[in-house]
Amino acid sequence: MKTNTTSNYKQPINLVNVNYKLTGQSKSTNEYGMREMQEKAFEARSAQYLLLKAPPASGKSRALMFLALDKLINQGIKKVIVAVPERSIGNSFAPTELTKYGFFADWDLNLKYNLCSPGSDTSKVQAFKDFMQSEDKILICTHATLRFAFEGLTETDFNNCLVAIDEFHHVSADGDNILGNVMRKIMEKSNAHIVAMTGSYFRGDSIPVLLPEDEEKFIKVTYNYYDQLNGYEYLKSLGIGYHFYRGRYYKHDKDRGMSALEEILDENLKTIIHIPSVNSAESSKEKLEEVNHIIDCLGELEYQDTETGVLYVKSKRSGKILKIADLVNDNQKDRDKITAYLRGVKTPEDIDMIIALGMAKEGFDWPFCQHALTIGYRGSLTEIIQIIGRATRDSNNKTHAQFTNLIAQPDAMEDDIKLSVNNMLKAITASLLMEQVLAPNFKFKPMDDDEEDDLENDDENTIKIKGFKKPKSQRAKDIIESDLNDLKARILQDDTMIKAMPGNIEPEVINTVLIPRIIREVYPDLNEEDVEAVRQYVVVDSVIKNGEVEEQGSKKFIKMAGSFVNIDDINIDLIDTINPFQKAFEILSKNVTTSVLKSIQDTMNVTKIDMTEEEAVILWPKIKEWVKHTGDKPSIQSYDPKEQRLAQALLFIQDAKRKKAQNG
């Protein structure tokens, strides 16, 4: 983050720093005017059910235009229905000239059937029904309009239609999810085609988006975040970090000399601020007052433009005028004014900051945004990745994008210390997942692998590992190919894993006991051989992406667990001794106060993790080594969580021996 010349701002604790090479590849176009991701999606245009997973700013809206026009012109589809989560996103599907860039048709629609405009739900539902009877080909509506209109139609009315769902993660396998039920009924009882698009598709969130049997019907096209960001022209780096507050985030802190918000909110950066959900512990429950407090932190309100709704605030730090958009205000007339203004933003000078609650998270395009500042813990990985996406558009006004989560600092004096610690740990695991998502992709294979097909696909990102197992079944291969990040999300959100990741459990236990248990739960159809192959891939991929690769002459070395290892010497036994997720906690421990760290450790130490026979077997050699070096057995009373765990394992083993002797 930049530093103001007149007053220093605090830098967030960045747990993730990723640098990109500015290849320009993700923004270059082919002879049809398609960018890299769009070309990849278009190759799957004949699929009846297509699931497109691609990051924000990769061009999903235009990809759909290419797909829909091909289905209308070449595949016998009669009508295209595009559903978006909120009206402001409908603008992404406005009429677009595509032929001038080389495509065979333009995206054109009767504006009468762009239902993402002001008006009542009743009138929009009627317009939807009129469209189904008309000769017009394309309709844009919200998810809500599709749901309401469906109630007055039959499934077969959607025969020969393409139904495209933008931000598909709004669909859920939950039986109460109306949009999910609409999709399932259309799939069951019509020949409709479906294109589902999302920038975030983590089944690690509490309820899956699709049931496995429904998901298997979709052809998946995945375009990863690293390829997208690495292929930019301007944005060179991304930081994901945290800053802590005590009490209320906007209130004066005597130790700081200002509020935590003032400390981290750099007025020189184009910033989207998301205030806490009114249902969260971090919220004051007075959302409009929170907006006023944020403005007070920045300076003094001079006036509000009656035409645009823009707030003009005089900075108390620099004296300059800041242009601020308030998207928290519930007054629909005021909301429409400022939303219309933001749609017309053309230069960085048009707006400085946006304050939002539920809006401006997904499908919201403000390319100039440099900083996404989110206040309060967010439990959904989908929500986090969407918010980060607001700052990762490529734009000539920035070389660095920053996501900062301003979260409550655990305080041993507070009653909710356990909640604060758990929230902090979950926030960190979200960072760990993002680090995995944003890093370059590697391919792994056994050291002695010499199959001809594999050799042809080898490149600089292929790493050979001694003792590595390849998946046997197609199911396991598909999981590794397209579900790896989803699986990591499940692993990183598992309660036992969250308790184990700070280093109070041996890495071998995490890698060979806890992770395979989660894989078996998520994929009960896998046999043990494929569970082991998937486990190895998850662990190896996590460790390598968490490491640092360096080249010295013709050799490559990777830094793992504090030391560099020749890539040619890597073996699975070595990797299993490394906690792939501990780095973030080590970074955190160096950046928080001793008292905060002790609060975290104390809370973790009183959290019991059940001992299993598998773990005890792994720890037995370590217990013997401990006794050899110290002359004493590990103590259950120790303040060292690792010694405590060894002591628990010893008690478990002694108890097992007693039971065996009794039964003998």
# chains A, B, ... in the order shown; residues from 1 in each chain; ligands from 1

call {"tool": "residues_around", "arguments": {"residues": "Gln332 of chain A", "least_positions_apart": "6", "cutoff": "12 Å", "atoms": "only C-alpha atoms", "output": "short mmCIF file (atom, residue, chain, number, x, y, z; two decimals) with all heavy atoms, in the first residue's frame"}}
result
data_model
loop_
_atom_site.label_atom_id
_atom_site.label_comp_id
_atom_site.auth_asym_id
_atom_site.auth_seq_id
_atom_site.Cartn_x
_atom_site.Cartn_y
_atom_site.Cartn_z
N PRO A 118 -35.66 -0.08 -13.19
CA PRO A 118 -36.65 0.21 -12.15
C PRO A 118 -38.02 -0.29 -12.55
O PRO A 118 -38.37 -0.33 -13.74
CB PRO A 118 -36.61 1.74 -12.04
CG PRO A 118 -35.25 2.13 -12.54
CD PRO A 118 -34.93 1.14 -13.62
N GLY A 119 -38.81 -0.70 -11.58
CA GLY A 119 -40.16 -1.19 -11.87
C GLY A 119 -40.56 -2.25 -10.87
O GLY A 119 -39.74 -2.79 -10.13
N GLY A 309 -25.89 12.02 -5.97
CA GLY A 309 -25.84 11.36 -4.67
C GLY A 309 -24.44 11.25 -4.09
O GLY A 309 -24.25 10.72 -3.00
N ILE A 338 -27.03 7.06 -7.04
CA ILE A 338 -25.60 6.81 -6.89
C ILE A 338 -25.18 5.59 -7.71
O ILE A 338 -24.07 5.55 -8.26
CB ILE A 338 -25.20 6.66 -5.39
CG1 ILE A 338 -23.67 6.68 -5.25
CG2 ILE A 338 -25.81 5.44 -4.76
CD1 ILE A 338 -22.99 7.95 -5.66
N THR A 339 -26.06 4.59 -7.84
CA THR A 339 -25.75 3.42 -8.67
C THR A 339 -25.60 3.83 -10.12
O THR A 339 -24.67 3.37 -10.82
CB THR A 339 -26.86 2.35 -8.53
OG1 THR A 339 -26.98 1.98 -7.15
CG2 THR A 339 -26.53 1.11 -9.33
N ALA A 340 -26.49 4.71 -10.58
CA ALA A 340 -26.40 5.20 -11.97
C ALA A 340 -25.09 5.97 -12.17
O ALA A 340 -24.42 5.84 -13.20
CB ALA A 340 -27.60 6.08 -12.29
#

call {"tool": "closest_atom_pairs", "arguments": {"of": "segment 501-522 of chain A", "to": "segment 541-544 of chain A", "cutoff": "12 Å", "atoms": "only C-alpha atoms", "output": "tab-separated table"}}
result
residue	atom	partner	partner_atom	distance
A:Pro507	CA	A:Val543	CA	11.2
A:Asn511	CA	A:Val543	CA	10.5
A:Ile515	CA	A:Ser542	CA	11.8

call {"tool": "write_last_selection", "arguments": {"atoms": "N, CA, C and O atoms", "output": "PDB file, in the first residue's frame"}}
result
ATOM      1  N   PRO A 507       2.991 -32.476  11.929  1.00  0.00           N
ATOM      2  CA  PRO A 507       2.643 -32.409  10.501  1.00  0.00           C
ATOM      3  C   PRO A 507       2.244 -33.759   9.910  1.00  0.00           C
ATOM      4  O   PRO A 507       1.318 -33.844   9.103  1.00  0.00           O
ATOM      5  N   ASN A 511      -1.119 -34.519   7.792  1.00  0.00           N
ATOM      6  CA  ASN A 511      -1.042 -34.949   6.396  1.00  0.00           C
ATOM      7  C   ASN A 511      -1.519 -36.374   6.160  1.00  0.00           C
ATOM      8  O   ASN A 511      -2.079 -36.664   5.098  1.00  0.00           O
ATOM      9  N   ILE A 515      -6.172 -35.230   6.955  1.00  0.00           N
ATOM     10  CA  ILE A 515      -6.553 -34.921   5.564  1.00  0.00           C
ATOM     11  C   ILE A 515      -7.238 -36.110   4.884  1.00  0.00           C
ATOM     12  O   ILE A 515      -8.306 -35.943   4.272  1.00  0.00           O
TER      13      ILE A 515
END

call {"tool": "residues_around", "arguments": {"residues": "Glu529 of chain A", "least_positions_apart": "4", "cutoff": "9 Å", "atoms": "only C-alpha atoms", "output": "JSON, numbers by chain"}}
result
{"A": [469, 471, 472, 533, 534]}

call {"tool": "write_last_selection", "arguments": {"atoms": "all heavy atoms", "output": "PDB file, in the first residue's frame"}}
result
ATOM      1  N   LYS A 469       2.265 -41.265  -5.674  1.00  0.00           N
ATOM      2  CA  LYS A 469       1.288 -42.183  -6.262  1.00  0.00           C
ATOM      3  C   LYS A 469       0.402 -41.447  -7.270  1.00  0.00           C
ATOM      4  O   LYS A 469      -0.085 -40.353  -6.989  1.00  0.00           O
ATOM      5  CB  LYS A 469       0.394 -42.779  -5.169  1.00  0.00           C
ATOM      6  CG  LYS A 469       1.060 -43.881  -4.365  1.00  0.00           C
ATOM      7  CD  LYS A 469       0.062 -44.480  -3.393  1.00  0.00           C
ATOM      8  CE  LYS A 469       0.528 -45.755  -2.736  1.00  0.00           C
ATOM      9  NZ  LYS A 469       1.935 -45.861  -2.448  1.00  0.00           N
ATOM     10  N   PRO A 471      -3.169 -41.241  -9.427  1.00  0.00           N
ATOM     11  CA  PRO A 471      -4.538 -41.755  -9.268  1.00  0.00           C
ATOM     12  C   PRO A 471      -4.835 -42.823 -10.321  1.00  0.00           C
ATOM     13  O   PRO A 471      -4.362 -42.731 -11.451  1.00  0.00           O
ATOM     14  CB  PRO A 471      -5.405 -40.513  -9.482  1.00  0.00           C
ATOM     15  CG  PRO A 471      -4.566 -39.602 -10.322  1.00  0.00           C
ATOM     16  CD  PRO A 471      -3.147 -39.856  -9.918  1.00  0.00           C
ATOM     17  N   LYS A 472      -5.624 -43.834  -9.932  1.00  0.00           N
ATOM     18  CA  LYS A 472      -5.938 -44.918 -10.860  1.00  0.00           C
ATOM     19  C   LYS A 472      -7.281 -44.679 -11.570  1.00  0.00           C
ATOM     20  O   LYS A 472      -7.402 -44.845 -12.774  1.00  0.00           O
ATOM     21  CB  LYS A 472      -5.961 -46.245 -10.095  1.00  0.00           C
ATOM     22  CG  LYS A 472      -4.569 -46.690  -9.625  1.00  0.00           C
ATOM     23  CD  LYS A 472      -3.758 -47.142 -10.798  1.00  0.00           C
ATOM     24  CE  LYS A 472      -2.384 -47.663 -10.545  1.00  0.00           C
ATOM     25  NZ  LYS A 472      -1.806 -47.858  -9.337  1.00  0.00           N
ATOM     26  N   ALA A 533      -3.837 -41.369  -3.252  1.00  0.00           N
ATOM     27  CA  ALA A 533      -3.326 -40.582  -4.383  1.00  0.00           C
ATOM     28  C   ALA A 533      -3.817 -39.134  -4.300  1.00  0.00           C
ATOM     29  O   ALA A 533      -3.041 -38.189  -4.498  1.00  0.00           O
ATOM     30  CB  ALA A 533      -3.768 -41.215  -5.700  1.00  0.00           C
ATOM     31  N   VAL A 534      -5.100 -38.942  -3.971  1.00  0.00           N
ATOM     32  CA  VAL A 534      -5.656 -37.590  -3.842  1.00  0.00           C
ATOM     33  C   VAL A 534      -5.018 -36.882  -2.651  1.00  0.00           C
ATOM     34  O   VAL A 534      -4.665 -35.703  -2.724  1.00  0.00           O
ATOM     35  CB  VAL A 534      -7.199 -37.643  -3.707  1.00  0.00           C
ATOM     36  CG1 VAL A 534      -7.755 -36.261  -3.379  1.00  0.00           C
ATOM     37  CG2 VAL A 534      -7.836 -38.171  -4.992  1.00  0.00           C
TER      38      VAL A 534
END

call {"tool": "select_by_dssp", "arguments": {"residues": "segment 142-315 of chain A", "states": "strand (DSSP E or B)", "output": "PyMOL selection string"}}
result
chain A and resi 142+161-165+193-198+219-222+237-245+253+258+271-274+299-304+311-315

call {"tool": "residues_around", "arguments": {"residues": "segment 176-193 of chain A", "least_positions_apart": "5", "cutoff": "6 Å", "atoms": "only C-alpha atoms", "output": "MDAnalysis selection string"}}
result
chainID A and resid 48:49 155:156 158:162 171

call {"tool": "residues_around", "arguments": {"residues": "Met424 of chain A", "least_positions_apart": "2", "cutoff": "10 Å", "atoms": "only C-alpha atoms", "output": "ChimeraX atom specification"}}
result
/A:242,244,376-377,407-410,418-422,426-430,600

call {"tool": "residues_around", "arguments": {"residues": "Ala401 of chain A", "least_positions_apart": "4", "cutoff": "8 Å", "atoms": "only C-alpha atoms", "output": "ChimeraX atom specification"}}
result
/A:1,235,237-239,369-371,391-392

call {"tool": "residues_around", "arguments": {"residues": "segment 650-657 of chain A", "least_positions_apart": "6", "cutoff": "9 Å", "atoms": "only C-alpha atoms", "output": "list in words"}}
result
Met611, Thr612, Glu613, Ala616, Val617, Leu619, Trp620, Ile623, Lys633 and Pro634 of chain A

call {"tool": "write_last_selection", "arguments": {"atoms": "N, CA, C and O atoms", "output": "PDB file, in the first residue's frame"}}
result
ATOM      1  N   MET A 611      -7.594 -38.062  20.360  1.00  0.00           N
ATOM      2  CA  MET A 611      -6.446 -38.854  19.935  1.00  0.00           C
ATOM      3  C   MET A 611      -6.959 -40.114  19.229  1.00  0.00           C
ATOM      4  O   MET A 611      -7.914 -40.745  19.677  1.00  0.00           O
ATOM      5  N   THR A 612      -6.338 -40.472  18.137  1.00  0.00           N
ATOM      6  CA  THR A 612      -6.703 -41.692  17.422  1.00  0.00           C
ATOM      7  C   THR A 612      -5.521 -42.656  17.442  1.00  0.00           C
ATOM      8  O   THR A 612      -4.369 -42.266  17.691  1.00  0.00           O
ATOM      9  N   GLU A 613      -5.795 -43.917  17.176  1.00  0.00           N
ATOM     10  CA  GLU A 613      -4.727 -44.912  17.135  1.00  0.00           C
ATOM     11  C   GLU A 613      -3.708 -44.569  16.049  1.00  0.00           C
ATOM     12  O   GLU A 613      -2.493 -44.723  16.246  1.00  0.00           O
ATOM     13  N   ALA A 616      -1.422 -41.894  17.371  1.00  0.00           N
ATOM     14  CA  ALA A 616      -0.555 -42.418  18.422  1.00  0.00           C
ATOM     15  C   ALA A 616       0.599 -43.229  17.827  1.00  0.00           C
ATOM     16  O   ALA A 616       1.745 -43.136  18.297  1.00  0.00           O
ATOM     17  N   VAL A 617       0.316 -44.009  16.789  1.00  0.00           N
ATOM     18  CA  VAL A 617       1.362 -44.797  16.116  1.00  0.00           C
ATOM     19  C   VAL A 617       2.417 -43.872  15.514  1.00  0.00           C
ATOM     20  O   VAL A 617       3.621 -44.116  15.608  1.00  0.00           O
ATOM     21  N   LEU A 619       3.142 -40.869  16.546  1.00  0.00           N
ATOM     22  CA  LEU A 619       3.845 -40.111  17.583  1.00  0.00           C
ATOM     23  C   LEU A 619       4.756 -40.982  18.457  1.00  0.00           C
ATOM     24  O   LEU A 619       5.617 -40.448  19.165  1.00  0.00           O
ATOM     25  N   TRP A 620       4.572 -42.308  18.440  1.00  0.00           N
ATOM     26  CA  TRP A 620       5.356 -43.178  19.318  1.00  0.00           C
ATOM     27  C   TRP A 620       6.869 -42.989  19.143  1.00  0.00           C
ATOM     28  O   TRP A 620       7.587 -42.825  20.145  1.00  0.00           O
ATOM     29  N   ILE A 623       7.865 -39.843  20.869  1.00  0.00           N
ATOM     30  CA  ILE A 623       7.857 -39.958  22.337  1.00  0.00           C
ATOM     31  C   ILE A 623       9.183 -40.558  22.805  1.00  0.00           C
ATOM     32  O   ILE A 623       9.819 -40.065  23.756  1.00  0.00           O
ATOM     33  N   LYS A 633       9.523 -38.307  30.630  1.00  0.00           N
ATOM     34  CA  LYS A 633       8.366 -38.477  29.744  1.00  0.00           C
ATOM     35  C   LYS A 633       7.755 -37.106  29.461  1.00  0.00           C
ATOM     36  O   LYS A 633       7.848 -36.196  30.295  1.00  0.00           O
ATOM     37  N   PRO A 634       7.117 -36.936  28.298  1.00  0.00           N
ATOM     38  CA  PRO A 634       6.435 -35.660  28.033  1.00  0.00           C
ATOM     39  C   PRO A 634       5.323 -35.431  29.050  1.00  0.00           C
ATOM     40  O   PRO A 634       4.643 -36.368  29.464  1.00  0.00           O
TER      41      PRO A 634
END

call {"tool": "atom_distance", "arguments": {"atom1": "atom CA of Lys100 of chain A", "atom2": "atom CA of Phe66 of chain A"}}
result
13.6 Å

call {"tool": "select_by_dssp", "arguments": {"residues": "segment 146-384 of chain A", "states": "alpha helix (DSSP H)", "output": "PyMOL selection string"}}
result
chain A and resi 146-151+178-189+212-215+225-230+260-264+287-298+332-343+381-384

call {"tool": "write_last_selection", "arguments": {"atoms": "C-alpha atoms", "output": "PDB file, in the first residue's frame"}}
result
ATOM      1  CA  LEU A 146     -36.718 -15.711 -12.833  1.00  0.00           C
ATOM      2  CA  ARG A 147     -37.962 -17.319  -9.614  1.00  0.00           C
ATOM      3  CA  PHE A 148     -41.256 -15.380  -9.593  1.00  0.00           C
ATOM      4  CA  ALA A 149     -41.888 -15.900 -13.308  1.00  0.00           C
ATOM      5  CA  PHE A 150     -41.225 -19.636 -13.016  1.00  0.00           C
ATOM      6  CA  GLU A 151     -44.199 -19.958 -10.651  1.00  0.00           C
ATOM      7  CA  ILE A 178     -35.854 -21.531  -4.557  1.00  0.00           C
ATOM      8  CA  LEU A 179     -33.408 -20.756  -7.362  1.00  0.00           C
ATOM      9  CA  GLY A 180     -31.785 -24.168  -6.836  1.00  0.00           C
ATOM     10  CA  ASN A 181     -35.178 -25.872  -7.111  1.00  0.00           C
ATOM     11  CA  VAL A 182     -36.004 -23.904 -10.277  1.00  0.00           C
ATOM     12  CA  MET A 183     -32.745 -25.083 -11.871  1.00  0.00           C
ATOM     13  CA  ARG A 184     -33.295 -28.712 -10.876  1.00  0.00           C
ATOM     14  CA  LYS A 185     -36.864 -28.743 -12.252  1.00  0.00           C
ATOM     15  CA  ILE A 186     -35.779 -27.163 -15.549  1.00  0.00           C
ATOM     16  CA  MET A 187     -33.025 -29.789 -15.866  1.00  0.00           C
ATOM     17  CA  GLU A 188     -35.381 -32.663 -15.003  1.00  0.00           C
ATOM     18  CA  LYS A 189     -38.377 -31.759 -17.168  1.00  0.00           C
ATOM     19  CA  PRO A 212     -22.897 -34.431  -6.764  1.00  0.00           C
ATOM     20  CA  GLU A 213     -25.340 -36.226  -9.086  1.00  0.00           C
ATOM     21  CA  ASP A 214     -26.459 -32.877 -10.599  1.00  0.00           C
ATOM     22  CA  GLU A 215     -22.934 -31.549 -10.866  1.00  0.00           C
ATOM     23  CA  TYR A 225      -6.743 -16.924 -10.932  1.00  0.00           C
ATOM     24  CA  TYR A 226      -3.001 -17.129 -11.468  1.00  0.00           C
ATOM     25  CA  ASP A 227      -3.366 -17.250 -15.260  1.00  0.00           C
ATOM     26  CA  GLN A 228      -5.780 -14.322 -15.137  1.00  0.00           C
ATOM     27  CA  LEU A 229      -3.642 -12.041 -12.966  1.00  0.00           C
ATOM     28  CA  ASN A 230      -0.323 -13.141 -14.444  1.00  0.00           C
ATOM     29  CA  ALA A 260      -8.182   1.366  13.978  1.00  0.00           C
ATOM     30  CA  LEU A 261     -10.098   2.409  10.867  1.00  0.00           C
ATOM     31  CA  GLU A 262      -8.251   5.727  10.574  1.00  0.00           C
ATOM     32  CA  GLU A 263      -4.980   3.886  11.049  1.00  0.00           C
ATOM     33  CA  ILE A 264      -5.520   1.533   8.095  1.00  0.00           C
ATOM     34  CA  LYS A 287     -25.656   0.733   9.821  1.00  0.00           C
ATOM     35  CA  LEU A 288     -26.451   4.325   8.835  1.00  0.00           C
ATOM     36  CA  GLU A 289     -24.596   5.588  11.902  1.00  0.00           C
ATOM     37  CA  GLU A 290     -21.616   3.428  10.965  1.00  0.00           C
ATOM     38  CA  VAL A 291     -21.453   5.232   7.605  1.00  0.00           C
ATOM     39  CA  ASN A 292     -21.466   8.551   9.470  1.00  0.00           C
ATOM     40  CA  HIS A 293     -18.648   7.327  11.733  1.00  0.00           C
ATOM     41  CA  ILE A 294     -16.558   6.329   8.691  1.00  0.00           C
ATOM     42  CA  ILE A 295     -17.068   9.773   7.171  1.00  0.00           C
ATOM     43  CA  ASP A 296     -16.062  11.348  10.507  1.00  0.00           C
ATOM     44  CA  CYS A 297     -12.871   9.271  10.450  1.00  0.00           C
ATOM     45  CA  LEU A 298     -12.058  10.741   7.044  1.00  0.00           C
ATOM     46  CA  GLN A 332     -34.328   3.431  -3.246  1.00  0.00           C
ATOM     47  CA  LYS A 333     -34.422   6.811  -4.977  1.00  0.00           C
ATOM     48  CA  ASP A 334     -31.045   7.794  -3.488  1.00  0.00           C
ATOM     49  CA  ARG A 335     -29.635   4.312  -4.186  1.00  0.00           C
ATOM     50  CA  ASP A 336     -30.679   4.502  -7.847  1.00  0.00           C
ATOM     51  CA  LYS A 337     -28.976   7.916  -8.227  1.00  0.00           C
ATOM     52  CA  ILE A 338     -25.599   6.809  -6.888  1.00  0.00           C
ATOM     53  CA  THR A 339     -25.754   3.417  -8.666  1.00  0.00           C
ATOM     54  CA  ALA A 340     -26.396   5.196 -11.969  1.00  0.00           C
ATOM     55  CA  TYR A 341     -23.463   7.529 -11.270  1.00  0.00           C
ATOM     56  CA  LEU A 342     -21.119   4.618 -10.500  1.00  0.00           C
ATOM     57  CA  ARG A 343     -22.123   2.877 -13.742  1.00  0.00           C
ATOM     58  CA  LEU A 381     -15.034 -18.207   1.271  1.00  0.00           C
ATOM     59  CA  THR A 382     -17.270 -17.364  -1.661  1.00  0.00           C
ATOM     60  CA  GLU A 383     -17.948 -13.916  -0.213  1.00  0.00           C
ATOM     61  CA  ILE A 384     -14.264 -13.293   0.513  1.00  0.00           C
TER      62      ILE A 384
END

call {"tool": "closest_residue", "arguments": {"among": "A:Lys624, A:Val221, A:Glu282, A:Lys323", "to": "Glu302 of chain A", "atoms": "only C-alpha atoms"}}
result
A:Lys323

call {"tool": "closest_residue", "arguments": {"among": "A:Trp366, A:Phe42, A:Tyr249, A:Tyr537", "to": "Asn405 of chain A", "atoms": "only C-alpha atoms"}}
result
A:Tyr249

call {"tool": "atom_distance", "arguments": {"atom1": "atom CA of Pro276 of chain A", "atom2": "atom CA of Leu357 of chain A"}}
result
7.0 Å
